[in-house]
Amino acid sequence: MIRLRGIIGSAGPMRSGMTLESLAPTLEKTFSLKRLEAVALIINSPGGSPVQSALIAQRIRDLSREKKVPVLAFVEDVAASGGYWLACAAEQIYVNESSIVGSIGVVSQGFGFPEMLQKIGVERRVETAGNNKNMLDPFEPRKSEDVEHLRGILDELHESFKDEVRRQRVGRLKASEDELFTGAFWTGKRAVGLGLVDGIAEARGELRRRFGDKVRLRGLQQQDSWLRRRLKSQSAFPDSAELAHGLLDAAESRALWSRYGL
């Protein structure tokens, strides 16, 4: 049983993000266990980096084929966006009725401050080599050509996500792509009806049903977040710059979870 929890992507100082680099040792160790019958992914993630989602999912599938070991996914609170991408690495996906599942889409978020510097009397000086090097500058008015370029990138990433779901859920999707691939998300119960997941089940109960009451369930954990490691250690509290960066990471993480009411 591998617990995949949290934001997918590079870690900040106050949180541990899931990346292929951080998960590779756990994955390799898990698939090398003796008398291994199956690997269960316990997923609780609101998503994050599409690149890391793809890399982690591909490594899980590669190890599954190499070791000839089936992979099952069990969703706890949420498997949305990149979290659902990870779930699709498994042969079958199980959820709780109240789990949040889906969000098959891509988003780019930011802020614009085109008039702020002028109002506070600050002159900003930027020189570039390359006409598009300063594309989507938050202190400049948005340009239609910049937005169009970004839109094209988002569409490409979205198509990669859709291709992944099509491959991994072939023959099991029960709704049209116009409904499934809008970025919407659903409860686990509804996701069963849509064919995004295979059923309602809890990990220990399902694994015992499949492999018998005497099956041995071994859990491997990700590394604790920076903050938890700090609290467990006797090291000094971080300096102000490190703390400020960590608080921004925590706020970003909180915002991503809150999209799904968590």
# chains A, B, ... in the order shown; residues from 1 in each chain; ligands from 1

call {"tool": "residues_around", "arguments": {"residues": "Lys214 in chain A", "least_positions_apart": "6", "cutoff": "12 Å", "atoms": "only C-alpha atoms", "output": "PyMOL selection string"}}
result
chain A and resi 204-205+207-208

call {"tool": "write_last_selection", "arguments": {"atoms": "N, CA, C and O atoms", "output": "PDB file, in the first residue's frame"}}
result
ATOM      1  N   ARG A 204      -8.612  -1.878   2.586  1.00  0.00           N
ATOM      2  CA  ARG A 204      -8.367  -3.110   3.339  1.00  0.00           C
ATOM      3  C   ARG A 204      -9.453  -4.151   3.082  1.00  0.00           C
ATOM      4  O   ARG A 204      -9.164  -5.339   2.895  1.00  0.00           O
ATOM      5  N   GLY A 205     -10.684  -3.691   3.050  1.00  0.00           N
ATOM      6  CA  GLY A 205     -11.767  -4.634   2.804  1.00  0.00           C
ATOM      7  C   GLY A 205     -11.677  -5.268   1.428  1.00  0.00           C
ATOM      8  O   GLY A 205     -11.861  -6.477   1.265  1.00  0.00           O
ATOM      9  N   LEU A 207      -8.982  -5.581  -0.528  1.00  0.00           N
ATOM     10  CA  LEU A 207      -7.800  -6.428  -0.657  1.00  0.00           C
ATOM     11  C   LEU A 207      -8.000  -7.763   0.062  1.00  0.00           C
ATOM     12  O   LEU A 207      -7.567  -8.811  -0.423  1.00  0.00           O
ATOM     13  N   ARG A 208      -8.677  -7.744   1.179  1.00  0.00           N
ATOM     14  CA  ARG A 208      -8.967  -9.007   1.873  1.00  0.00           C
ATOM     15  C   ARG A 208      -9.992  -9.827   1.099  1.00  0.00           C
ATOM     16  O   ARG A 208      -9.921 -11.059   1.077  1.00  0.00           O
TER      17      ARG A 208
END

call {"tool": "residues_around", "arguments": {"residues": "Ser160 in chain A", "least_positions_apart": "2", "cutoff": "12 Å", "atoms": "only C-alpha atoms", "output": "ChimeraX atom specification"}}
result
/A:50-51,53-54,82,85,104-106,153-158,162-167,181

call {"tool": "atom_distance", "arguments": {"atom1": "CA of Arg35 in chain A", "atom2": "CA of Leu4 in chain A"}}
result
22.5 Å

call {"tool": "closest_residue", "arguments": {"among": "A:Glu66, A:Glu177, A:Glu115, A:Glu97", "to": "Glu159 in chain A", "atoms": "only C-alpha atoms"}}
result
A:Glu177

call {"tool": "closest_residue", "arguments": {"among": "A:Asp213, A:Val101, A:Gly219, A:Asp146", "to": "Leu196 in chain A", "atoms": "only C-alpha atoms"}}
result
A:Val101

call {"tool": "atom_distance", "arguments": {"atom1": "CA of Ala40 in chain A", "atom2": "CA of Ala90 in chain A"}}
result
8.4 Å

call {"tool": "residues_around", "arguments": {"residues": "Leu63 in chain A", "least_positions_apart": "2", "cutoff": "12 Å", "atoms": "only C-alpha atoms", "output": "list in words"}}
result
Ala24, Thr26, Leu27, Glu28, Lys29, Thr30, Phe31, Ser32, Ala38, Val39, Ile56, Ala57, Gln58, Arg59, Ile60, Arg61, Arg65, Glu66, Lys67, Lys68, Val69, Pro70, Val71, Ala89 and Ala90 of chain A

call {"tool": "write_last_selection", "arguments": {"atoms": "C-alpha atoms", "output": "mmCIF file, in the first residue's frame"}}
result
data_model
loop_
_atom_site.group_PDB
_atom_site.id
_atom_site.type_symbol
_atom_site.label_atom_id
_atom_site.label_comp_id
_atom_site.auth_asym_id
_atom_site.auth_seq_id
_atom_site.Cartn_x
_atom_site.Cartn_y
_atom_site.Cartn_z
ATOM 1 C CA ALA A 24 10.968 6.687 -7.059
ATOM 2 C CA THR A 26 9.323 4.090 -2.504
ATOM 3 C CA LEU A 27 8.012 2.729 -5.809
ATOM 4 C CA GLU A 28 11.153 0.689 -6.458
ATOM 5 C CA LYS A 29 11.151 -0.710 -2.929
ATOM 6 C CA THR A 30 7.462 -1.592 -3.095
ATOM 7 C CA PHE A 31 7.637 -3.465 -6.388
ATOM 8 C CA SER A 32 10.715 -5.366 -5.165
ATOM 9 C CA ALA A 38 -0.599 -6.483 -5.750
ATOM 10 C CA VAL A 39 0.193 -2.818 -5.169
ATOM 11 C CA ILE A 56 4.794 9.152 -11.790
ATOM 12 C CA ALA A 57 1.923 7.332 -13.500
ATOM 13 C CA GLN A 58 4.227 6.034 -16.240
ATOM 14 C CA ARG A 59 6.771 4.723 -13.706
ATOM 15 C CA ILE A 60 4.012 2.880 -11.831
ATOM 16 C CA ARG A 61 2.778 1.247 -15.049
ATOM 17 C CA ARG A 65 4.503 -4.624 -16.284
ATOM 18 C CA GLU A 66 8.098 -5.408 -15.372
ATOM 19 C CA LYS A 67 7.212 -7.199 -12.124
ATOM 20 C CA LYS A 68 3.912 -8.602 -13.477
ATOM 21 C CA VAL A 69 2.066 -7.207 -10.444
ATOM 22 C CA PRO A 70 -1.410 -5.639 -10.684
ATOM 23 C CA VAL A 71 -2.035 -2.129 -9.364
ATOM 24 C CA ALA A 89 -2.127 4.337 -13.535
ATOM 25 C CA ALA A 90 -4.030 1.510 -11.836
#

call {"tool": "closest_residue", "arguments": {"among": "A:Ser22, A:Gln52, A:Asn96, A:Asn134", "to": "Ile8 in chain A", "atoms": "only C-alpha atoms"}}
result
A:Gln52

call {"tool": "closest_residue", "arguments": {"among": "A:Asn131, A:Ser10, A:Ser49, A:Ser81", "to": "Ser103 in chain A", "atoms": "only C-alpha atoms"}}
result
A:Ser81

call {"tool": "select_by_dssp", "arguments": {"residues": "range 81-126 of chain A", "states": "helix (DSSP H, G or I)", "output": "PyMOL selection string"}}
result
chain A and resi 82-87+116-120

call {"tool": "atom_distance", "arguments": {"atom1": "CA of Gly195 in chain A", "atom2": "CA of Lys174 in chain A"}}
result
5.0 Å

call {"tool": "select_by_dssp", "arguments": {"residues": "range 55-170 of chain A", "states": "strand (DSSP E or B)", "output": "VMD selection string"}}
result
chain A and resid 71 to 80 92 to 95 100 to 102
